[in-house]
Structure formats: structure tokens, C-alpha cells
file data_35.cif (mmCIF, C-alpha atoms and all ligand atoms)
data_structure
loop_
_atom_site.label_atom_id
_atom_site.label_comp_id
_atom_site.auth_asym_id
_atom_site.auth_seq_id
_atom_site.Cartn_x
_atom_site.Cartn_y
_atom_site.Cartn_z
CA ARG A 1 92.42 124.40 94.51
CA SER A 2 96.14 124.90 94.28
CA MET A 3 97.91 123.14 91.45
CA ALA A 4 100.22 120.43 92.71
CA GLN A 5 103.55 119.82 91.00
CA PRO A 6 102.67 118.24 87.68
CA GLN A 7 103.68 114.62 87.75
CA VAL A 8 104.79 112.83 84.66
CA HIS A 9 104.78 109.18 85.41
CA ASP A 10 105.29 106.41 82.90
CA THR A 11 103.92 102.96 83.50
CA PRO A 12 106.92 100.72 84.23
CA SER A 13 107.99 98.32 81.50
CA LYS A 14 107.43 94.60 81.69
CA SER A 15 111.02 93.84 82.64
CA GLN A 16 111.01 96.54 85.30
CA LEU A 17 107.85 95.01 86.78
CA GLU A 18 109.41 91.56 86.75
CA GLN A 19 112.31 92.95 88.82
CA VAL A 20 109.86 94.33 91.34
CA ALA A 21 107.89 91.08 91.39
CA GLN A 22 111.09 89.14 92.07
CA ALA A 23 112.00 91.50 94.90
CA VAL A 24 108.57 90.85 96.43
CA ARG A 25 109.08 87.08 96.14
CA ASP A 26 112.47 87.44 97.84
CA LEU A 27 110.90 89.32 100.72
CA LEU A 28 108.00 87.00 101.51
CA HIS A 29 109.96 84.60 103.68
CA GLN A 30 110.08 86.31 107.10
CA PRO A 31 110.95 83.71 109.74
CA GLU A 32 110.57 86.17 112.60
CA TYR A 33 107.19 87.54 111.55
CA ASP A 34 103.82 85.94 112.38
CA ASP A 35 103.56 82.56 110.65
CA GLY A 36 106.79 83.12 108.75
CA SER A 37 105.50 85.05 105.76
CA ALA A 38 104.84 88.65 104.86
CA GLY A 39 102.35 87.42 102.28
CA PRO A 40 99.08 87.59 104.21
CA VAL A 41 99.54 91.14 105.47
CA LEU A 42 100.54 92.25 101.97
CA VAL A 43 97.29 90.83 100.62
CA ARG A 44 95.39 92.73 103.29
CA LEU A 45 97.22 95.94 102.41
CA ALA A 46 96.11 95.72 98.78
CA TRP A 47 92.54 94.86 99.78
CA HIS A 48 92.26 97.78 102.20
CA SER A 49 93.82 100.17 99.71
CA ALA A 50 91.18 99.21 97.12
CA GLY A 51 88.23 98.45 99.39
CA THR A 52 87.48 102.09 100.12
CA TYR A 53 85.89 102.44 96.71
CA CYS A 54 82.43 103.95 96.45
CA SER A 55 80.80 103.52 93.05
CA ALA A 56 78.14 106.19 93.66
CA THR A 57 80.72 108.95 94.11
CA ASN A 58 83.58 107.28 92.24
CA THR A 59 85.93 107.95 95.15
CA GLY A 60 88.40 105.71 96.95
CA GLY A 61 90.09 102.68 95.46
CA SER A 62 93.72 101.63 95.06
CA ASN A 63 94.77 104.58 92.92
CA GLY A 64 96.53 107.22 95.00
CA ALA A 65 97.90 105.05 97.84
CA GLY A 66 96.09 107.29 100.29
CA MET A 67 96.91 105.05 103.23
CA ARG A 68 100.30 106.77 103.47
CA TYR A 69 98.38 109.69 104.95
CA GLU A 70 97.08 109.64 108.52
CA LYS A 71 93.59 110.52 107.31
CA GLU A 72 93.27 107.04 105.76
CA GLY A 73 96.14 105.15 107.43
CA GLY A 74 94.78 106.08 110.85
CA ASP A 75 91.41 104.42 110.22
CA GLU A 76 91.21 101.78 112.95
CA ALA A 77 90.42 99.21 110.25
CA ASN A 78 93.94 99.76 108.93
CA ALA A 79 95.71 99.01 112.22
CA GLY A 80 98.72 96.80 111.56
CA LEU A 81 99.06 97.59 107.89
CA GLN A 82 102.07 99.76 108.64
CA HIS A 83 103.93 96.42 108.86
CA ALA A 84 102.98 95.64 105.27
CA ARG A 85 104.03 99.10 104.10
CA ALA A 86 107.32 98.78 105.98
CA PHE A 87 108.05 95.43 104.30
CA LEU A 88 107.67 97.10 100.91
CA GLU A 89 109.56 100.31 101.64
CA PRO A 90 113.02 98.94 100.67
CA ILE A 91 111.56 97.79 97.34
CA LYS A 92 110.11 101.24 96.71
CA LYS A 93 113.55 102.75 97.46
CA ARG A 94 115.28 100.31 95.18
CA PHE A 95 112.80 100.71 92.32
CA PRO A 96 111.61 104.32 92.49
CA PHE A 97 109.93 103.98 89.09
CA ILE A 98 107.02 102.09 90.64
CA THR A 99 104.37 104.06 92.51
CA TYR A 100 103.20 102.99 95.95
CA ALA A 101 99.74 102.33 94.57
CA ASP A 102 101.15 99.96 91.94
CA LEU A 103 103.59 98.35 94.37
CA TRP A 104 100.97 97.59 97.02
CA THR A 105 98.60 95.97 94.53
CA LEU A 106 101.32 94.11 92.62
CA ALA A 107 102.81 92.76 95.85
CA ALA A 108 99.48 91.13 96.76
CA VAL A 109 99.15 89.48 93.37
CA VAL A 110 102.71 88.14 93.61
CA ALA A 111 102.12 86.98 97.20
CA VAL A 112 98.89 85.10 96.38
CA LYS A 113 100.66 83.27 93.56
CA GLU A 114 103.73 82.47 95.66
CA MET A 115 101.56 81.10 98.45
CA GLY A 116 100.03 78.59 96.04
CA GLY A 117 97.09 80.64 94.79
CA PRO A 118 95.91 81.49 91.29
CA SER A 119 97.49 83.88 88.83
CA ILE A 120 95.71 87.22 88.94
CA LYS A 121 95.66 89.75 86.12
CA TRP A 122 97.24 92.98 87.24
CA ARG A 123 97.64 96.25 85.38
CA GLY A 124 99.96 99.07 86.38
CA GLY A 125 99.86 102.80 85.93
CA ARG A 126 98.40 103.91 89.27
CA THR A 127 99.62 107.23 90.53
CA ASP A 128 100.20 108.39 94.11
CA PHE A 129 98.33 111.27 95.68
CA THR A 130 100.63 114.16 96.56
CA ASP A 131 98.46 115.37 99.45
CA ASP A 132 95.51 114.05 101.43
CA ASN A 133 92.77 116.06 99.67
CA LYS A 134 91.35 113.12 97.77
CA VAL A 135 91.90 110.48 100.40
CA PRO A 136 88.56 108.76 101.12
CA PRO A 137 86.89 109.22 104.51
CA ARG A 138 87.40 106.67 107.26
CA GLY A 139 84.83 103.98 108.00
CA ARG A 140 84.42 102.48 104.53
CA LEU A 141 85.96 99.08 105.37
CA PRO A 142 83.99 96.20 106.89
CA ASP A 143 83.57 95.61 110.62
CA GLY A 144 84.10 91.96 111.56
CA SER A 145 81.68 92.08 114.45
CA LYS A 146 78.69 92.58 112.16
CA GLY A 147 76.51 90.41 109.91
CA ALA A 148 75.26 89.81 106.38
CA ASP A 149 73.47 93.17 106.01
CA HIS A 150 76.66 95.00 106.82
CA LEU A 151 78.66 92.90 104.33
CA ARG A 152 76.16 93.73 101.59
CA HIS A 153 76.13 97.40 102.52
CA ILE A 154 79.94 97.58 102.25
CA PHE A 155 80.50 95.39 99.20
CA TYR A 156 77.50 96.52 97.14
CA ARG A 157 78.88 100.05 97.55
CA MET A 158 81.99 98.85 95.72
CA GLY A 159 79.88 97.17 93.04
CA PHE A 160 80.23 93.53 94.08
CA ASN A 161 77.47 90.91 94.22
CA ASP A 162 76.88 88.06 96.69
CA GLN A 163 79.00 85.54 94.80
CA GLU A 164 81.87 88.01 94.67
CA ILE A 165 81.58 88.73 98.38
CA VAL A 166 81.96 85.05 99.18
CA ALA A 167 84.82 84.58 96.72
CA LEU A 168 86.74 87.55 98.10
CA SER A 169 86.24 86.33 101.66
CA GLY A 170 88.29 83.25 100.77
CA ALA A 171 91.36 85.40 101.38
CA HIS A 172 90.77 84.57 105.04
CA ASN A 173 92.50 81.34 104.21
CA LEU A 174 95.55 83.53 104.77
CA GLY A 175 97.00 85.15 107.85
CA ARG A 176 95.51 85.83 111.22
CA CYS A 177 93.85 88.27 113.54
CA HIS A 178 96.00 90.11 116.05
CA SER A 179 94.72 91.24 119.43
CA ASP A 180 96.77 94.45 119.15
CA ARG A 181 95.39 95.28 115.67
CA SER A 182 91.73 94.37 115.21
CA GLY A 183 91.26 93.01 118.73
CA PHE A 184 90.26 89.61 117.33
CA GLU A 185 92.62 86.72 117.89
CA GLY A 186 93.81 83.74 115.87
CA LYS A 187 93.81 82.24 112.41
CA TRP A 188 91.07 80.82 110.21
CA VAL A 189 92.97 77.75 109.03
CA ASN A 190 95.86 75.72 110.29
CA ASN A 191 98.23 76.55 107.47
CA PRO A 192 97.69 80.28 106.96
CA THR A 193 100.52 80.91 104.53
CA ARG A 194 99.20 78.49 101.92
CA PHE A 195 96.46 79.80 99.65
CA SER A 196 93.71 77.21 99.35
CA ASN A 197 89.95 76.69 99.84
CA THR A 198 90.34 75.33 103.38
CA TYR A 199 88.59 78.41 104.81
CA TYR A 200 85.29 77.32 103.20
CA LYS A 201 85.74 73.74 104.39
CA MET A 202 86.31 74.98 107.91
CA LEU A 203 83.23 77.20 107.77
CA LEU A 204 81.16 74.12 106.96
CA VAL A 205 82.34 72.03 109.92
CA ASN A 206 79.44 73.78 111.59
CA ASP A 207 80.82 73.40 115.05
CA TRP A 208 81.64 77.01 115.74
CA LYS A 209 81.15 78.22 119.28
CA LYS A 210 80.83 81.82 120.26
CA LYS A 211 83.63 83.05 122.47
CA LYS A 212 83.90 86.36 124.25
CA LEU A 213 87.45 87.67 124.44
CA ASP A 214 88.83 89.58 127.43
CA ASN A 215 88.52 92.82 125.45
CA GLY A 216 84.78 92.20 125.00
CA LYS A 217 84.99 91.20 121.32
CA GLU A 218 82.99 88.18 120.23
CA GLN A 219 84.32 85.69 117.73
CA PHE A 220 83.72 82.02 116.93
CA VAL A 221 86.17 79.23 117.75
CA TYR A 222 86.70 75.59 116.94
CA VAL A 223 89.42 73.15 117.96
CA ASP A 224 90.35 71.10 114.95
CA GLU A 225 91.61 67.71 116.08
CA ASP A 226 92.21 65.99 112.75
CA LEU A 227 93.61 68.75 110.67
CA ALA A 228 96.83 66.95 109.91
CA GLU A 229 94.84 64.38 107.88
CA GLU A 230 92.70 66.97 106.16
CA ASN A 231 95.42 69.17 104.84
CA GLU A 232 95.54 68.32 101.17
CA ASP A 233 98.79 70.14 100.60
CA GLY A 234 100.45 67.60 102.83
CA GLU A 235 101.93 70.20 105.11
CA ALA A 236 100.75 68.86 108.40
CA SER A 237 100.89 71.04 111.44
CA GLU A 238 102.11 69.81 114.80
CA GLU A 239 99.40 70.62 117.30
CA PRO A 240 95.65 70.86 117.06
CA GLU A 241 95.00 74.52 117.53
CA GLU A 242 91.99 76.66 118.19
CA LEU A 243 90.84 78.19 114.93
CA MET A 244 88.59 81.21 114.61
CA MET A 245 85.92 82.89 112.51
CA LEU A 246 84.69 86.45 112.67
CA PRO A 247 80.94 87.08 112.95
CA THR A 248 81.13 88.32 109.33
CA ASP A 249 82.66 84.97 108.28
CA ILE A 250 79.88 83.03 110.03
CA ALA A 251 77.35 85.23 108.21
CA LEU A 252 78.46 83.52 104.99
CA ILE A 253 77.03 80.17 106.14
CA GLN A 254 73.96 81.62 107.85
CA ASP A 255 72.77 83.69 104.90
CA LEU A 256 70.79 81.70 102.34
CA SER A 257 72.22 83.56 99.38
CA PHE A 258 75.86 83.42 100.52
CA ARG A 259 75.87 79.82 101.68
CA PRO A 260 75.63 77.99 98.31
CA TRP A 261 78.80 79.77 97.22
CA VAL A 262 80.61 78.62 100.37
CA GLU A 263 79.51 75.05 99.58
CA LEU A 264 80.64 75.32 95.97
CA TYR A 265 84.06 76.72 96.86
CA ALA A 266 84.57 74.17 99.66
CA GLU A 267 84.05 71.40 97.18
CA HIS A 268 85.73 72.84 94.08
CA LYS A 269 89.07 74.46 94.70
CA ASP A 270 89.55 75.07 90.98
CA ILE A 271 86.30 77.07 90.74
CA PHE A 272 87.26 79.07 93.81
CA PHE A 273 90.68 79.85 92.34
CA ASP A 274 89.10 80.97 89.08
CA HIS A 275 86.50 83.15 90.81
CA PHE A 276 88.99 84.57 93.30
CA SER A 277 91.38 85.48 90.52
CA LYS A 278 88.67 87.40 88.66
CA VAL A 279 87.22 89.17 91.67
CA PHE A 280 90.58 90.19 93.12
CA ALA A 281 91.60 91.62 89.75
CA LYS A 282 88.31 93.56 89.72
CA LEU A 283 88.95 94.81 93.26
CA LEU A 284 92.33 96.22 92.28
CA GLU A 285 90.81 98.10 89.33
CA LEU A 286 87.94 99.74 91.23
CA GLY A 287 87.69 103.43 90.44
CA ILE A 288 90.39 103.26 87.83
CA ARG A 289 89.50 104.54 84.39
CA ARG A 290 91.84 103.69 81.56
CA ASP A 291 92.15 105.00 78.04
CA LYS A 292 92.37 102.66 75.06
CA ASN A 293 96.10 102.17 75.66
CA GLY A 294 95.48 101.07 79.21
CA ASN A 295 96.84 104.28 80.71
CA ILE A 296 95.01 105.56 83.73
CA VAL A 297 92.92 108.65 83.17
CA ASN A 298 92.97 110.63 86.38
CA GLU A 299 89.73 112.37 87.00
CA GLU A 300 89.28 115.61 88.84
CA ASN A 301 88.03 113.89 91.97
CA GLN A 302 90.69 111.23 91.87
CA HIS A 303 94.07 112.81 91.44
CA ASP A 304 96.21 115.88 91.09
CA GLY A 305 98.77 114.58 88.66
CA TYR A 306 98.42 114.07 84.97
CA LYS A 307 100.05 112.04 82.31
CA SER A 308 101.50 113.45 79.17
FE1 LIG B 401 90.01 90.36 106.17
N1 LIG B 401 90.33 90.65 108.13
N2 LIG B 401 88.11 91.02 106.37
N3 LIG B 401 89.74 90.23 104.16
N4 LIG B 401 91.94 89.85 105.96
C1 LIG B 401 91.48 90.41 108.82
C2 LIG B 401 92.63 89.88 108.32
C3 LIG B 401 92.82 89.59 106.98
C4 LIG B 401 87.50 91.39 107.53
C5 LIG B 401 88.12 91.55 108.76
C6 LIG B 401 89.42 91.17 109.02
C7 LIG B 401 88.58 90.48 103.49
C8 LIG B 401 87.33 90.72 104.05
C9 LIG B 401 87.15 91.01 105.40
C10 LIG B 401 92.56 89.50 104.78
C11 LIG B 401 92.04 89.65 103.51
C12 LIG B 401 90.73 90.01 103.25
C13 LIG B 401 91.30 90.78 110.19
C14 LIG B 401 92.36 90.68 111.26
C15 LIG B 401 90.03 91.24 110.32
C16 LIG B 401 89.36 91.73 111.59
C17 LIG B 401 93.25 91.93 111.25
C18 LIG B 401 94.31 91.86 112.30
O1 LIG B 401 93.95 91.82 113.49
O2 LIG B 401 95.49 91.84 111.95
C19 LIG B 401 86.10 91.62 107.30
C20 LIG B 401 85.09 92.06 108.35
C21 LIG B 401 85.87 91.37 106.00
C22 LIG B 401 84.55 91.45 105.34
O3 LIG B 401 84.33 90.87 104.31
C23 LIG B 401 88.85 90.46 102.08
C24 LIG B 401 87.81 90.75 101.00
C25 LIG B 401 90.18 90.18 101.93
C26 LIG B 401 91.01 90.07 100.67
C27 LIG B 401 90.52 89.74 99.49
C28 LIG B 401 93.86 88.94 105.06
C29 LIG B 401 94.85 88.37 104.04
C30 LIG B 401 94.03 89.01 106.45
C31 LIG B 401 95.23 88.52 107.26
C32 LIG B 401 96.17 89.68 107.55
C33 LIG B 401 97.34 89.30 108.40
O4 LIG B 401 98.00 90.22 108.87
O5 LIG B 401 97.64 88.11 108.57
#

call {"tool": "encode", "arguments": {"input": "data_35.cif", "output": "C-alpha cells"}}
result
Amino acid sequence: RSMAQPQVHDTPSKSQLEQVAQAVRDLLHQPEYDDGSAGPVLVRLAWHSAGTYCSATNTGGSNGAGMRYEKEGGDEANAGLQHARAFLEPIKKRFPFITYADLWTLAAVVAVKEMGGPSIKWRGGRTDFTDDNKVPPRGRLPDGSKGADHLRHIFYRMGFNDQEIVALSGAHNLGRCHSDRSGFEGKWVNNPTRFSNTYYKMLLVNDWKKKKLDNGKEQFVYVDEDLAEENEDGEASEEPEELMMLPTDIALIQDLSFRPWVELYAEHKDIFFDHFSKVFAKLLELGIRRDKNGNIVNEENQHDGYKS
């Protein structure tokens, strides 16, 4: 193995990180993009950067920012995330002290908070791969057309349990599916730039009908007539719109072990926020080993660089 250029990279200071966080806040409002916010796609970027983790081999995870390389970025599951990376590129240019891997994960934490979600503990110090040797293989991210067994297969590999799977899935309160990215179409809730527990409430309306899209994909749809009344954040939307669920979302109410967590989170937003905060923080730390000072220890199979 050829030695890459040694990298000496110091974890940014608190005030440096606050500057970056502010730059992310300033960038979220994007009137021309989707539902007017870059937030949802930034959350998905962080999740897909971390969700490649495999605990058995200790490979993948958010360290390295491997999605910059075609080997990982070109995974069909990552279609569309180039928009998220492009949103963040000016911030990376302006604040070169932060690594991509730190920026992508920090941006999601800032976005969740700005969109009305919980505070999430975040720790910096991730390094960026300098080539694609240690980039995880494609195919480690979930496929929305599948069911509960598939969800368990994917998330148990990362080290999550059933409760954590359901809590993480609450991120589908945000954003939408794009026919030119995943091939699915539409949003889960009527106000997809506001972080809340509405996704679980919608799952439990139990009136989801299977719909086959022109491209052959199957998803579930529901036309919500009285959403304006139900929106507790008081931000009513104009028109009743067709909402959607992926087959993997519907699996959460069909599976007897997942379903009680959906019911709990639908009823108790505060518990959902608490559990989401913990599980998202855990997601962003997968595969990252730290010394007693909190500095990341890069292992042979994780990274080329080192810290001095
Ligand atoms: Fe997801 N997600 N996700 N998801 N996801 C999609 C969009 C978002 C699955 C499939 C899809 C999580 C779990 C799963 C977000 C966060 C999380 C899309 C549409 C599909 C398909 C992509 C497109 O077309 O643009 C599946 C399957 C699972 C299995 O569990 C988890 C976990 C998280 C975060 C914690 C967010 C946010 C979006 C919206 C992105 C956007 O661009 O609006």
C-alpha cells in the first residue's frame, strides 16, 4: 500500500464550528429548491454518509466522506445527493479548516434543529479519505421497495435495534421522494420542512392504498383532506395533497415489534425528539473510534491520514 501524503488535521475550535453552523443556517432557505429548504436533503446526505457502516468488518460510516468518490457517490441509493454536496461546497471553500466528513454531519444536525427538531450531540474530528481505497462497497443502504426483514438486515448490520430503526425513520417527516432520483414520488407529510412527529401520525391513519407508478415502482398513497386542522405547528397548507409512504415505511406499522414504537412516537412528540436525538448522534459516530481526548483514532482499515 502506498503511503498517502500524511495529513495533520486539527479538530476545529468551538468558535470556528459556530461560524460553520451559522453559514449552514444562512444557506437553508432556498426558495427555488424543492419545498424551499435545503434542510431535508442535507439530513439525507449525513444519513447516507454514515449508513454504510458495517459493525462486523468495522468499515463504512461518516468518517472519510467517501461519497465524493464515484465508487460510493455513484451508488444508485445516493442519486440526488450531489445537490446536498453542492449546497455545502461554498461553505467548505470559505472554511477550509472543516473536513467534508465533519461538514456533512454537522450540517444535518444544524438543519434538524433549524427545522424545529431536537438538539443533537455532534462531535468533530472526522478526516477525509484521500483516495477511494477505503470507500465502502455499494448496496449497503436500504431499498424502499422492501419490507421489515430487509430493514432489520440493513440496520442490525449497523448495530441498531428495532426501536432505533423506528426512531430514525422519523426523519421521513422531512423532504420528499423525487421521480428522477429514487423513482418514488411525493412527500410523507404536508409540511416537509418542519421537523415533527407527523410522519408517525400519518402512518397510523391506516388508509394507505397501494399505487403503481408509471415507472413500475409501487408506493402507498393517501389524500389527506383535513391536514390544515391537524397541523399542530399552525402552518396550514393550502391544498389537500396526495401524501406517500414507501413499502419500508408501511412495514413499520405491519411489523408487530416496530408498530408499538410508531404508536408511542405518534402520541409523544417529546419522547420521539429525545429518541431521535440519541439515535441520530449514534448514527453519526458509527465506526468512529476516539481516544480519551475525543480525537479520532484512524484505524488501518479506515483511513490513510494520521493525527499528530
Ligand atoms: Fe430516507 N428516503 N430512507 N431516511 N430520507 C428518501 C428520502 C429521505 C429510505 C428511502 C428513502 C432514512 C431511512 C430510509 C431521509 C432521511 C432518512 C427517499 C427519496 C427514499 C427512497 C429519495 C429521493 O427520491 O430523493 C429507506 C428505504 C429507509 C429505510 O429505513 C433514515 C434513517 C433517514 C435519516 C435519519 C430524508 C431527510 C429524505 C428526504 C430527502 C430530500 O431530498 O427531500

call {"tool": "closest_residue", "arguments": {"input": "data_35.cif", "among": "A:Gln16, A:Val110, A:Ser49, A:Asn215", "to": "Asp180 in chain A", "atoms": "all atoms listed in the file"}}
result
A:Asn215

call {"tool": "closest_residue", "arguments": {"input": "data_35.cif", "among": "A:Lys71, A:Arg126, A:Arg181, A:Arg85", "to": "ligand LIG 401 (chain B)", "atoms": "all atoms listed in the file"}}
result
A:Arg181

call {"tool": "closest_residue", "arguments": {"input": "data_35.cif", "among": "A:Glu241, A:Glu18, A:Asp131, A:Asp143", "to": "Phe184 in chain A", "atoms": "only C-alpha atoms"}}
result
A:Asp143

call {"tool": "closest_residue", "arguments": {"input": "data_35.cif", "among": "A:Ser169, A:Thr193, A:Thr57, A:Ser257", "to": "ligand LIG 401 (chain B)", "atoms": "only C-alpha atoms and all ligand atoms"}}
result
A:Ser169

call {"tool": "closest_residue", "arguments": {"input": "data_35.cif", "among": "A:Arg140, A:Lys278, A:His29, A:His48", "to": "ligand LIG 401 (chain B)", "atoms": "only C-alpha atoms and all ligand atoms"}}
result
A:His48

call {"tool": "closest_residue", "arguments": {"input": "data_35.cif", "among": "A:Gly294, A:Gly183, A:Gly36, A:Gly60", "to": "ligand LIG 401 (chain B)", "atoms": "only C-alpha atoms and all ligand atoms"}}
result
A:Gly183

call {"tool": "residues_near_point", "arguments": {"input": "data_35.cif", "point": "(87.6, 110.4, 93.1)", "cutoff": "12 Å", "atoms": "only C-alpha atoms", "output": "ChimeraX atom specification"}}
result
/A:52-64,66,129,133-137,286-289,297-304

call {"tool": "residues_around", "arguments": {"input": "data_35.cif", "residues": "range 265-271 of chain A", "least_positions_apart": "5", "cutoff": "7 Å", "atoms": "all atoms listed in the file", "output": "PyMOL selection string"}}
result
chain A and resi 197-198+200-201

call {"tool": "decode", "arguments": {"input": "data_35.cif", "residues": "range 25-60 of chain A", "atoms": "N, CA and C atoms", "output": "short mmCIF file (atom, residue, chain, number, x, y, z; two decimals), in the first residue's frame"}}
result
data_model
loop_
_atom_site.label_atom_id
_atom_site.label_comp_id
_atom_site.auth_asym_id
_atom_site.auth_seq_id
_atom_site.Cartn_x
_atom_site.Cartn_y
_atom_site.Cartn_z
N ARG A 25 -26.97 27.58 8.62
CA ARG A 25 -28.29 28.19 8.87
C ARG A 25 -28.63 29.18 7.76
N ASP A 26 -27.65 29.99 7.37
CA ASP A 26 -27.89 31.01 6.34
C ASP A 26 -28.22 30.40 4.98
N LEU A 27 -27.81 29.17 4.78
CA LEU A 27 -27.99 28.55 3.47
C LEU A 27 -29.29 27.75 3.35
N LEU A 28 -29.93 27.47 4.48
CA LEU A 28 -31.08 26.56 4.44
C LEU A 28 -32.23 27.09 3.59
N HIS A 29 -32.49 28.36 3.71
CA HIS A 29 -33.61 28.95 2.96
C HIS A 29 -33.26 28.99 1.47
N GLN A 30 -33.96 28.17 0.69
CA GLN A 30 -33.67 28.06 -0.76
C GLN A 30 -35.00 28.11 -1.50
N PRO A 31 -35.52 29.32 -1.73
CA PRO A 31 -36.87 29.45 -2.29
C PRO A 31 -37.07 28.70 -3.61
N GLU A 32 -36.02 28.52 -4.36
CA GLU A 32 -36.17 27.89 -5.68
C GLU A 32 -36.08 26.37 -5.63
N TYR A 33 -35.69 25.83 -4.50
CA TYR A 33 -35.40 24.40 -4.42
C TYR A 33 -36.50 23.65 -3.69
N ASP A 34 -37.01 22.61 -4.29
CA ASP A 34 -38.00 21.72 -3.64
C ASP A 34 -39.05 22.49 -2.84
N ASP A 35 -39.16 22.21 -1.56
CA ASP A 35 -40.16 22.86 -0.72
C ASP A 35 -39.61 24.12 -0.05
N GLY A 36 -38.51 24.63 -0.59
CA GLY A 36 -37.99 25.90 -0.11
C GLY A 36 -36.87 25.79 0.91
N SER A 37 -36.38 24.58 1.13
CA SER A 37 -35.32 24.40 2.11
C SER A 37 -34.31 23.35 1.65
N ALA A 38 -33.05 23.64 1.91
CA ALA A 38 -32.01 22.64 1.66
C ALA A 38 -31.92 21.63 2.79
N GLY A 39 -32.65 21.89 3.87
CA GLY A 39 -32.52 21.06 5.07
C GLY A 39 -32.72 19.57 4.86
N PRO A 40 -33.86 19.16 4.27
CA PRO A 40 -34.09 17.72 4.15
C PRO A 40 -32.98 16.98 3.40
N VAL A 41 -32.55 17.50 2.30
CA VAL A 41 -31.53 16.78 1.53
C VAL A 41 -30.18 16.76 2.27
N LEU A 42 -29.95 17.77 3.11
CA LEU A 42 -28.73 17.76 3.92
C LEU A 42 -28.80 16.66 4.99
N VAL A 43 -29.99 16.46 5.53
CA VAL A 43 -30.16 15.39 6.52
C VAL A 43 -29.92 14.03 5.84
N ARG A 44 -30.43 13.90 4.62
CA ARG A 44 -30.24 12.63 3.91
C ARG A 44 -28.77 12.40 3.57
N LEU A 45 -28.06 13.48 3.25
CA LEU A 45 -26.63 13.34 2.95
C LEU A 45 -25.88 12.75 4.15
N ALA A 46 -26.14 13.31 5.32
CA ALA A 46 -25.45 12.82 6.52
C ALA A 46 -25.82 11.36 6.79
N TRP A 47 -27.09 11.06 6.65
CA TRP A 47 -27.55 9.67 6.91
C TRP A 47 -26.90 8.71 5.95
N HIS A 48 -26.85 9.04 4.66
CA HIS A 48 -26.24 8.11 3.71
C HIS A 48 -24.72 8.04 3.85
N SER A 49 -24.12 9.11 4.35
CA SER A 49 -22.67 9.04 4.56
C SER A 49 -22.36 8.08 5.71
N ALA A 50 -23.24 8.06 6.72
CA ALA A 50 -22.99 7.23 7.90
C ALA A 50 -23.57 5.83 7.78
N GLY A 51 -24.65 5.71 7.00
CA GLY A 51 -25.43 4.47 6.97
C GLY A 51 -24.79 3.33 6.21
N THR A 52 -23.58 3.51 5.74
CA THR A 52 -22.85 2.42 5.09
C THR A 52 -22.11 1.57 6.11
N TYR A 53 -22.22 1.92 7.37
CA TYR A 53 -21.41 1.24 8.38
C TYR A 53 -21.76 -0.24 8.51
N CYS A 54 -20.72 -1.04 8.65
CA CYS A 54 -20.89 -2.47 8.92
C CYS A 54 -20.10 -2.79 10.19
N SER A 55 -20.80 -3.21 11.23
CA SER A 55 -20.12 -3.42 12.51
C SER A 55 -19.23 -4.67 12.47
N ALA A 56 -19.60 -5.66 11.66
CA ALA A 56 -18.81 -6.90 11.62
C ALA A 56 -17.41 -6.65 11.07
N THR A 57 -17.30 -5.77 10.09
CA THR A 57 -16.00 -5.50 9.47
C THR A 57 -15.43 -4.14 9.89
N ASN A 58 -16.21 -3.40 10.64
CA ASN A 58 -15.84 -2.04 11.02
C ASN A 58 -15.43 -1.20 9.82
N THR A 59 -16.23 -1.26 8.77
CA THR A 59 -15.99 -0.44 7.58
C THR A 59 -17.21 0.45 7.34
N GLY A 60 -17.01 1.47 6.52
CA GLY A 60 -18.08 2.41 6.23
C GLY A 60 -18.26 3.41 7.36
#
